[in-house]
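*Asks:* Handing over target-v3.tsv, TSV, C-alpha atoms and all ligand atoms.
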chain	number	residue	atom	x	y	z
L	123	MET	CA	122.51	137.30	48.61
L	124	THR	CA	121.07	134.46	46.52
L	125	LEU	CA	117.71	135.33	44.97
L	126	LEU	CA	116.04	132.12	43.82
L	127	ASN	CA	112.95	131.75	41.73
L	128	PRO	CA	110.33	129.35	43.08
L	129	GLN	CA	111.32	126.58	40.61
L	130	GLN	CA	114.75	126.39	42.25
L	131	LEU	CA	113.53	125.48	45.72
L	132	ASP	CA	115.66	122.51	46.75
L	133	ALA	CA	114.92	122.44	50.47
L	134	GLU	CA	117.66	119.92	51.26
L	135	ALA	CA	120.30	122.06	49.54
L	136	LEU	CA	118.99	125.12	51.36
L	137	TYR	CA	119.16	123.24	54.66
L	138	ALA	CA	122.80	122.31	54.00
L	139	THR	CA	123.61	125.98	53.34
L	140	LEU	CA	121.83	127.09	56.50
L	141	LEU	CA	123.61	124.44	58.60
L	142	ALA	CA	127.03	125.49	57.29
L	143	ASP	CA	126.32	129.19	57.95
L	144	VAL	CA	124.99	128.54	61.45
L	145	ARG	CA	127.92	126.24	62.29
L	146	ALA	CA	130.41	128.92	61.23
L	147	GLY	CA	128.49	131.76	62.88
L	148	LEU	CA	128.14	130.06	66.25
L	149	ALA	CA	131.66	128.62	66.45
L	150	GLY	CA	133.16	129.58	69.79
L	151	VAL	CA	129.91	131.04	71.17
L	152	ALA	CA	129.12	129.90	74.75
L	153	ASP	CA	125.75	128.73	76.14
L	154	VAL	CA	124.10	128.27	72.75
L	155	ALA	CA	120.53	126.95	72.62
L	156	ILE	CA	118.22	126.46	69.64
L	157	VAL	CA	114.50	127.22	69.60
L	158	GLY	CA	112.24	126.49	66.65
L	159	ILE	CA	108.86	128.03	65.90
L	160	HIS	CA	106.12	125.44	65.38
L	161	SER	CA	105.76	123.85	62.93
L	162	GLY	CA	108.38	124.18	60.17
L	163	GLY	CA	110.84	126.06	62.38
L	164	ALA	CA	110.63	123.32	65.01
L	165	TRP	CA	111.55	120.62	62.46
L	166	LEU	CA	114.49	122.72	61.31
L	167	ALA	CA	115.61	123.47	64.87
L	168	GLU	CA	115.54	119.80	65.82
L	169	ARG	CA	117.61	118.83	62.81
L	170	LEU	CA	120.06	121.70	63.36
L	171	ALA	CA	120.38	120.72	67.04
L	172	ALA	CA	121.11	117.09	66.07
L	173	ASP	CA	123.68	118.14	63.46
L	174	LEU	CA	125.35	120.58	65.89
L	175	GLY	CA	125.32	118.28	68.94
L	176	LEU	CA	122.83	120.47	70.82
L	177	THR	CA	119.85	118.14	71.28
L	178	GLU	CA	119.81	118.75	75.06
L	179	ARG	CA	119.45	122.48	74.43
L	180	CYS	CA	116.69	122.53	71.83
L	181	GLY	CA	113.21	123.90	72.42
L	182	VAL	CA	109.98	124.57	70.55
L	183	LEU	CA	107.69	127.61	70.63
L	184	ASP	CA	104.05	127.72	69.59
L	185	VAL	CA	103.36	131.44	69.28
L	186	SER	CA	99.56	131.10	68.91
L	187	PHE	CA	98.79	132.92	72.20
L	188	TYR	CA	101.27	135.69	71.34
L	189	ARG	CA	100.00	136.53	67.85
L	190	ASP	CA	98.78	140.09	67.38
L	191	ASP	CA	95.58	138.72	65.81
L	192	TYR	CA	94.87	136.22	68.62
L	193	ALA	CA	91.96	138.27	70.02
L	194	LYS	CA	90.35	138.40	66.55
L	195	LYS	CA	91.08	134.88	65.28
L	196	GLY	CA	91.40	132.77	68.44
L	197	LEU	CA	93.42	129.57	68.51
L	198	PRO	CA	94.08	127.33	65.51
L	199	ALA	CA	93.15	123.64	65.79
L	200	ASP	CA	96.73	122.37	65.98
L	201	VAL	CA	98.26	124.30	68.89
L	202	LYS	CA	101.30	122.48	70.25
L	203	PRO	CA	102.86	122.98	73.69
L	204	THR	CA	105.81	125.30	73.99
L	205	ARG	CA	108.79	123.35	75.38
L	206	ILE	CA	111.86	125.15	76.77
L	207	ASN	CA	113.80	122.73	78.98
L	208	PHE	CA	116.93	124.83	79.50
L	209	ASP	CA	117.73	128.06	81.31
L	210	VAL	CA	117.05	130.94	78.95
L	211	ASN	CA	118.89	133.40	81.23
L	212	ALA	CA	122.31	134.27	79.81
L	213	ALA	CA	121.90	131.85	76.88
L	214	THR	CA	122.62	132.75	73.26
L	215	ILE	CA	119.46	131.53	71.57
L	216	LEU	CA	119.22	130.72	67.90
L	217	LEU	CA	115.56	131.28	67.01
L	218	VAL	CA	114.65	129.25	63.92
L	219	ASP	CA	111.78	129.59	61.46
L	220	ASP	CA	111.24	128.12	58.02
L	221	VAL	CA	109.98	131.27	56.28
L	222	LEU	CA	110.53	134.91	57.20
L	223	TYR	CA	107.90	137.19	55.67
L	224	THR	CA	106.17	140.06	57.50
L	225	GLY	CA	108.21	139.50	60.68
L	226	ARG	CA	105.11	139.23	62.85
L	227	THR	CA	105.77	135.61	63.85
L	228	THR	CA	109.30	136.59	64.92
L	229	ARG	CA	107.90	139.41	67.06
L	230	ALA	CA	105.49	136.98	68.72
L	231	ALA	CA	108.29	134.47	69.34
L	232	LEU	CA	110.54	137.12	70.92
L	233	ASN	CA	107.77	138.17	73.29
L	234	GLU	CA	107.16	134.55	74.29
L	235	LEU	CA	110.88	133.84	74.81
L	236	PHE	CA	111.25	136.81	77.14
L	237	ASP	CA	108.56	135.35	79.38
L	238	TYR	CA	111.11	132.59	80.14
L	239	GLY	CA	114.00	134.86	81.11
L	240	ARG	CA	116.61	137.26	79.80
L	241	PRO	CA	118.82	135.71	77.13
L	242	ALA	CA	122.29	137.15	76.53
L	243	ARG	CA	121.50	137.31	72.84
L	244	ILE	CA	118.92	136.07	70.36
L	245	MET	CA	119.91	135.37	66.76
L	246	LEU	CA	117.49	134.51	63.98
L	247	ALA	CA	117.84	131.81	61.33
L	248	ALA	CA	115.35	131.24	58.50
L	249	LEU	CA	115.52	128.79	55.63
L	250	VAL	CA	113.91	131.28	53.25
L	251	ASP	CA	113.37	135.05	53.40
L	252	ARG	CA	110.52	136.17	51.15
L	253	GLY	CA	110.91	139.88	51.99
L	254	GLU	CA	107.87	142.19	52.37
L	255	ARG	CA	108.58	142.92	56.03
L	256	GLN	CA	106.01	144.84	58.12
L	257	LEU	CA	108.29	145.04	61.18
L	258	PRO	CA	112.01	145.85	61.60
L	259	VAL	CA	113.19	142.23	61.70
L	260	ALA	CA	116.22	140.74	59.94
L	261	ALA	CA	117.69	137.24	59.98
L	262	ASP	CA	121.30	136.60	61.01
L	263	PHE	CA	121.33	133.41	58.92
L	264	VAL	CA	119.23	132.81	55.82
L	265	ALA	CA	119.80	130.22	53.08
L	266	ALA	CA	117.97	132.06	50.27
L	267	HIS	CA	115.79	134.99	49.36
L	268	VAL	CA	112.75	134.07	47.26
L	269	LYS	CA	110.13	136.29	45.66
L	270	VAL	CA	106.65	134.81	46.12
L	271	GLU	CA	103.41	136.33	44.84
L	272	ALA	CA	101.03	137.81	47.41
L	273	GLY	CA	98.30	135.27	48.20
L	274	LYS	CA	100.72	132.34	47.94
L	275	ALA	CA	102.46	130.55	50.81
L	276	LEU	CA	105.83	128.83	50.94
L	277	VAL	CA	105.21	125.57	52.81
L	278	LEU	CA	107.92	123.39	54.33
L	279	GLN	CA	107.22	119.71	54.76
L	280	GLN	CA	109.27	116.96	56.37
L	281	SER	CA	108.99	113.35	55.25
L	282	ASP	CA	109.32	110.29	57.51
L	283	ASP	CA	113.04	110.03	56.73
L	284	GLY	CA	113.54	113.62	57.96
L	285	LYS	CA	114.08	115.18	54.52
L	286	PHE	CA	112.61	118.59	53.70
L	287	THR	CA	110.62	119.79	50.71
L	288	LEU	CA	109.37	123.31	49.98
L	289	THR	CA	106.29	123.97	47.90
L	290	ILE	CA	104.31	127.03	46.92
L	291	ASP	CA	100.66	126.70	47.81
L	292	GLN	CA	97.63	128.94	47.83
L	293	ALA	CA	97.71	130.89	51.14
L	301	LIG	O1	106.96	136.53	58.96
L	301	LIG	P1	105.50	136.10	58.98
L	301	LIG	O2	104.63	136.90	58.08
L	301	LIG	O3	104.96	136.01	60.37
L	301	LIG	O4	105.43	134.67	58.33
L	301	LIG	C1	106.27	133.62	58.63
L	301	LIG	C2	105.53	132.53	59.34
L	301	LIG	O5	104.42	132.09	58.54
L	301	LIG	C3	104.42	130.68	58.48
L	301	LIG	O6	103.79	130.14	59.59
L	301	LIG	P2	102.23	129.94	59.70
L	301	LIG	O7	101.69	130.99	60.65
L	301	LIG	O8	101.63	129.89	58.34
L	301	LIG	O9	102.13	128.55	60.46
L	301	LIG	P3	102.83	127.14	60.12
L	301	LIG	O10	104.30	127.26	60.45
L	301	LIG	O11	102.15	126.19	61.05
L	301	LIG	O12	102.58	126.87	58.66
L	301	LIG	C4	105.90	130.32	58.55
L	301	LIG	O13	106.07	129.00	58.98
L	301	LIG	C5	106.44	131.33	59.54
L	301	LIG	O14	106.36	130.86	60.87
L	302	LIG	O1	101.41	137.91	65.42
L	302	LIG	C1	101.31	137.50	64.24
L	302	LIG	C2	102.06	136.42	63.74
L	302	LIG	C3	101.91	136.05	62.43
L	302	LIG	N1	101.03	136.70	61.63
L	302	LIG	C4	100.28	137.73	62.09
L	302	LIG	O2	99.46	138.32	61.35
L	302	LIG	N2	100.43	138.11	63.38
Go ahead and render the structure in this file as structure tokens.
*Replies:*
Amino acid sequence: MTLLNPQQLDAEALYATLLADVRAGLAGVADVAIVGIHSGGAWLAERLAADLGLTERCGVLDVSFYRDDYAKKGLPADVKPTRINFDVNAATILLVDDVLYTGRTTRAALNELFDYGRPARIMLAALVDRGERQLPVAADFVAAHVKVEAGKALVLQQSDDGKFTLTIDQA
């Protein structure tokens, strides 16, 4: 396990690590599809799908309706449509997010995915795991573990040329 401090966050290097791990981990697996969680996870999923030759089997989830605080907080301004254009039944789905923290977004994404069918298997990939889980969730593929102060957020951004940067902002 690589534990990075926030000054070492080279998102492009982390992406290369994640891609290599996913490529090795999914070698020989049948019916693979990739689903990213809006927004950072969707960017990562689309780039992983392009690099792995899986663009026809790449989807996006917006978990806003499935959040456990939806009744309290309502919808954010930037809800995007969920898009799953492949048969989820019997697929091995790589669920992708940029940051894994409490695990609540993963729980919401799993609930939403199961509304589309019964996958053979779901695996989880995250660029960064910041620990502090509140649910029993673990990633199958993670490029780095990073300790981030409470009250701060790790934010992935993608520039026009597709490159990633990670910053630490006020939550
Ligand atoms: O494990 P968790 O505690 O659920 O945190 C991880 C989630 O938090 C962030 O998303 P956020 O809800 O901030 O939305 P964003 O992706 O649009 O920034 C991040 O992109 C993950 O999806
Ligand atoms: O369901 C969710 C998802 C992310 N964060 C939460 O607090 N709840």
*Asks:* Check the smallest atom-to-atom distance from each of L:Ala261, L:Val182, L:Leu166, L:Val201 to Glu134 of chain L using all atoms listed in the file, then report the winner.
*Replies:*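 Going through L:Ala261, L:Val182, L:Leu166, L:Val201 one by one, the smallest distance to Glu134 of chain L is for L:Leu166.
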*Asks:* Give me the residues of chain L that have any atom at most 10 Å from an atom of ligand LIG 301 (chain L); for each, the nearest atom pair and the distance in Å, rounded to one decimal. Use all atoms listed in the file, sort by chain and number, and format it as a tab-separated table.
*Replies:*
residue	atom	partner	partner_atom	distance
L:Gly158	CA	L:LIG301	O14	9.3
L:Ile159	CA	L:LIG301	O14	6.3
L:His160	CA	L:LIG301	O10	5.6
L:Ser161	CA	L:LIG301	O10	4.5
L:Gly162	CA	L:LIG301	O10	5.1
L:Gly163	CA	L:LIG301	O13	6.6
L:Ala164	CA	L:LIG301	O10	8.7
L:Asp184	CA	L:LIG301	O11	8.9
L:Val185	CA	L:LIG301	O7	8.8
L:Ser186	CA	L:LIG301	O7	8.5
L:Arg189	CA	L:LIG301	O3	9.0
L:Pro198	CA	L:LIG301	O11	9.3
L:Asp200	CA	L:LIG301	O11	8.3
L:Val201	CA	L:LIG301	O11	9.0
L:Lys202	CA	L:LIG301	O11	10.0
L:Val218	CA	L:LIG301	O14	9.0
L:Asp219	CA	L:LIG301	O14	5.6
L:Asp220	CA	L:LIG301	O13	5.3
L:Val221	CA	L:LIG301	C4	4.8
L:Leu222	CA	L:LIG301	O1	4.3
L:Tyr223	CA	L:LIG301	O1	3.5
L:Thr224	CA	L:LIG301	O2	3.6
L:Gly225	CA	L:LIG301	O1	3.7
L:Arg226	CA	L:LIG301	O3	4.1
L:Thr227	CA	L:LIG301	O3	3.6
L:Thr228	CA	L:LIG301	O3	6.3
L:Arg229	CA	L:LIG301	O3	8.1
L:Ala230	CA	L:LIG301	O3	8.4
L:Ala231	CA	L:LIG301	O14	9.4
L:Ala248	CA	L:LIG301	C5	9.0
L:Val250	CA	L:LIG301	C1	9.6
L:Asp251	CA	L:LIG301	O1	8.6
L:Arg252	CA	L:LIG301	O1	8.6
L:Gly253	CA	L:LIG301	O1	8.7
L:Glu254	CA	L:LIG301	O2	8.4
L:Arg255	CA	L:LIG301	O1	7.2
L:Gln256	CA	L:LIG301	O2	8.1
L:Leu257	CA	L:LIG301	O1	8.9
L:Val259	CA	L:LIG301	O1	8.9
L:Ala275	CA	L:LIG301	O8	7.6
L:Leu276	CA	L:LIG301	C4	7.8
L:Val277	CA	L:LIG301	O12	6.5
L:Leu278	CA	L:LIG301	O13	7.5
L:Gln279	CA	L:LIG301	O12	9.4
L:Ala293	CA	L:LIG301	O8	8.3
*Asks:* Would you mind telling me which residue in L:Asp190, L:Asp283, L:Asp209, L:Asp291 lies nearest to ligand LIG 302 (chain L) when using only C-alpha atoms and all ligand atoms?
*Replies:*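 Among L:Asp190, L:Asp283, L:Asp209, L:Asp291, it is L:Asp190 that comes nearest to ligand LIG 302 (chain L).
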*Asks:* With distances taken over only C-alpha atoms and all ligand atoms, which of L:Asn127, L:Val151, L:Tyr137, L:Leu197 is nearest to ligand LIG 302 (chain L)?
*Replies:*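 Among the listed residues, L:Leu197 lies closest to ligand LIG 302 (chain L).
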*Asks:* Enumerate, as an mmCIF file with C-alpha atoms, in the coordinates of the input, the protein, DNA and RNA residues whose atoms approach (128.0, 126.4, 79.7) to within 12 Å, taking into account all atoms listed in the file and the coordinate frame of the file.
*Replies:*
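Dumped everything to result.cif:
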data_model
loop_
_atom_site.group_PDB
_atom_site.id
_atom_site.type_symbol
_atom_site.label_atom_id
_atom_site.label_comp_id
_atom_site.auth_asym_id
_atom_site.auth_seq_id
_atom_site.Cartn_x
_atom_site.Cartn_y
_atom_site.Cartn_z
ATOM 1 C CA GLY L 150 133.160 129.580 69.790
ATOM 2 C CA VAL L 151 129.910 131.040 71.170
ATOM 3 C CA ALA L 152 129.120 129.900 74.750
ATOM 4 C CA ASP L 153 125.750 128.730 76.140
ATOM 5 C CA VAL L 154 124.100 128.270 72.750
ATOM 6 C CA ALA L 155 120.530 126.950 72.620
ATOM 7 C CA LEU L 176 122.830 120.470 70.820
ATOM 8 C CA ARG L 179 119.450 122.480 74.430
ATOM 9 C CA PHE L 208 116.930 124.830 79.500
ATOM 10 C CA ASP L 209 117.730 128.060 81.310
ATOM 11 C CA VAL L 210 117.050 130.940 78.950
ATOM 12 C CA ASN L 211 118.890 133.400 81.230
ATOM 13 C CA ALA L 212 122.310 134.270 79.810
ATOM 14 C CA ALA L 213 121.900 131.850 76.880
ATOM 15 C CA THR L 214 122.620 132.750 73.260
#
*Asks:* Interatomic distance between atom CA of Ile244 of chain L and atom CA of Ala138 of chain L?
*Replies:* 21.7 Å
*Asks:* Go through L:Thr204, L:Asn233, L:Gln130, L:Thr177 and flag the residue nearest ligand LIG 302 (chain L), using all atoms listed in the file for the distances.
*Replies:* L:Asn233
*Asks:* Name the closest residue to Ile156 of chain L among the candidates L:Val270, L:Ala265, L:Val144, L:Leu217; distances are taken between atoms, counting all atoms listed in the file.
*Replies:*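 Distance minimum relative to Ile156 of chain L lands on L:Leu217.
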*Asks:* At what distance in Å, to one decimal, does atom CA of Phe187 of chain L lie from atom O1 of ligand LIG 302 (chain L)?
*Replies:*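 Those two atoms sit 8.8 Å apart.
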*Asks:* Enter the distance from atom CA of Arg145 of chain L to atom CA of Ala171 of chain L, in Å, rounded to one decimal.
*Replies:* 10.5 Å
